[in-house]
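Worksheet: one structure, shown below.
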Amino acid sequence: MLPRHDGEGWIELYHHLLMLRSKLTFDQLVGINIQHGELKSIIRAAGQLNASSALCSNHVMRCGKHFAVFTGNGRIGVVRPVQIKRCDFGEGELYRFSPSTSGFWEYPIGQRTDRWTDSNVHYCSLTSGGTALWCDWASRHPRMDVDGFQSDTPIGLLLNLDEGTLSVYQNAHRVATLKDGLSGEYCWYSAVCGRTTSISIERGSAPGEEQAG
């Protein structure tokens, strides 16, 4: 059962429940080099080199297990469900955007609420080449190369908020745990960089798990 936060109305709770059962979509695009594909579940570069990001910000995950499959090239992962408002930035400041860029950390951490709990894992991602990183939006942490990762192969991510872990799957097998210590609210995230990269997302089930998303 989806827990209700303090001060959260039943209508808001019901909306979140419906979104967790609906098709995953990238609802927030940030940066000059990003656009939707044929569907809102697909993003692609817009012909420039700037790194740009997409958040499934309408699909907020707060408990239980959630699994998504990503296909394409770029960076994927989870991030806090922050809202990036263009009106808060000057001309050109959002041409390039990534939650891992230290120059942006003050902005999302300013949106912290009790719904994030006390976890300092605010962002965790994996490149299509198998390099993982995470951020607490206060200091830098070492990157990690994932052993056994296969490039050019669809990537499944399992966010298990019962155990506080984010794990990667490929070819119906668990490859590695990218990070532990996750709790609170997150949404799925992707980023593209370059002139031709694209990524799609779809809800799925981890091997041995019931439907989650």
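Following the order of the structure tokens, first chain is A, next is B, and so on, with residues numbered from 1 inside each chain and ligands from 1 in the order they appear.
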
Spatial neighbours of segment 60-67 of chain A, 9 Å, only C-alpha atoms, chain gap at least 5 places, as a PyMOL selection string:
chain A and resi 1-3+16+19-20+80-81+115-116+156-163+183-188+202-206+209+211-213

Quick one: of A:Gln28, A:Asn120, A:Ser22, A:Thr127, who's nearest to Cys193 of chain A, counting only C-alpha atoms?
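Under the stated criterion, the closest residue is A:Thr127.
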
So which residues touch segment 42-59 of chain A within 8 Å, counting only C-alpha atoms, skipping near sequence neighbours fewer than 5 positions away, as a count of residues only?
40

Any idea what the distance is between atom CA of Ser151 of chain A and atom CA of Leu126 of chain A?
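Taking atom CA of Ser151 of chain A and atom CA of Leu126 of chain A, their separation equals 11.5 Å.
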
Could you pull out the strand (DSSP E) residues of segment 175-205 of chain A from DSSP and send them as a ChimeraX atom specification?
/A:175-180,187-192,198-203

Quick one: pick out all helix (DSSP H, G or I) residues within segment 89-160 of chain A from a backbone DSSP run and write them as a JSON list (two decimals) with N, CA, C and O atoms, in the first residue's frame.
[["chain", "number", "residue", "atom", "x", "y", "z"],
["A", 102, "SER", "N", 28.35, 20.16, -10.15],
["A", 102, "SER", "CA", 28.37, 20.81, -8.84],
["A", 102, "SER", "C", 27.79, 22.22, -8.87],
["A", 102, "SER", "O", 27.25, 22.71, -7.88],
["A", 103, "GLY", "N", 27.87, 22.88, -10.00],
["A", 103, "GLY", "CA", 27.34, 24.23, -10.10],
["A", 103, "GLY", "C", 25.83, 24.31, -9.93],
["A", 103, "GLY", "O", 25.29, 25.39, -9.67],
["A", 104, "PHE", "N", 25.14, 23.18, -10.06],
["A", 104, "PHE", "CA", 23.69, 23.15, -9.92],
["A", 104, "PHE", "C", 23.23, 22.62, -8.56],
["A", 104, "PHE", "O", 22.03, 22.63, -8.27],
["A", 106, "GLU", "N", 23.21, 23.51, -5.44],
["A", 106, "GLU", "CA", 22.51, 24.36, -4.48],
["A", 106, "GLU", "C", 21.02, 24.47, -4.83],
["A", 106, "GLU", "O", 20.18, 24.55, -3.93],
["A", 107, "TYR", "N", 20.71, 24.45, -6.12],
["A", 107, "TYR", "CA", 19.31, 24.60, -6.55],
["A", 107, "TYR", "C", 18.44, 23.41, -6.14],
["A", 107, "TYR", "O", 17.42, 23.60, -5.47],
["A", 108, "PRO", "N", 18.78, 22.17, -6.49],
["A", 108, "PRO", "CA", 17.92, 21.05, -6.08],
["A", 108, "PRO", "C", 17.92, 20.79, -4.58],
["A", 108, "PRO", "O", 16.87, 20.42, -4.02],
["A", 109, "ILE", "N", 19.05, 20.97, -3.91],
["A", 109, "ILE", "CA", 19.07, 20.70, -2.47],
["A", 109, "ILE", "C", 18.20, 21.70, -1.73],
["A", 109, "ILE", "O", 17.68, 21.43, -0.64],
["A", 114, "ASP", "N", 10.83, 16.80, 4.00],
["A", 114, "ASP", "CA", 10.85, 15.63, 4.87],
["A", 114, "ASP", "C", 10.60, 14.34, 4.10],
["A", 114, "ASP", "O", 10.95, 13.25, 4.57],
["A", 115, "ARG", "N", 10.00, 14.46, 2.92],
["A", 115, "ARG", "CA", 9.71, 13.27, 2.12],
["A", 115, "ARG", "C", 10.98, 12.61, 1.57],
["A", 115, "ARG", "O", 10.94, 11.48, 1.11],
["A", 116, "TRP", "N", 12.10, 13.32, 1.61],
["A", 116, "TRP", "CA", 13.37, 12.74, 1.20],
["A", 116, "TRP", "C", 13.99, 11.89, 2.31],
["A", 116, "TRP", "O", 14.97, 11.19, 2.05]]

Can you pull out the residues contacting segment 176-179 of chain A? Cut-off 12 Å, using only C-alpha atoms, and skip same-chain residues under 4 positions away; I want them as a VMD selection string.
chain A and resid 76 to 78 119 to 127 130 to 135 141 143 to 150 155 to 161 163 to 170 183
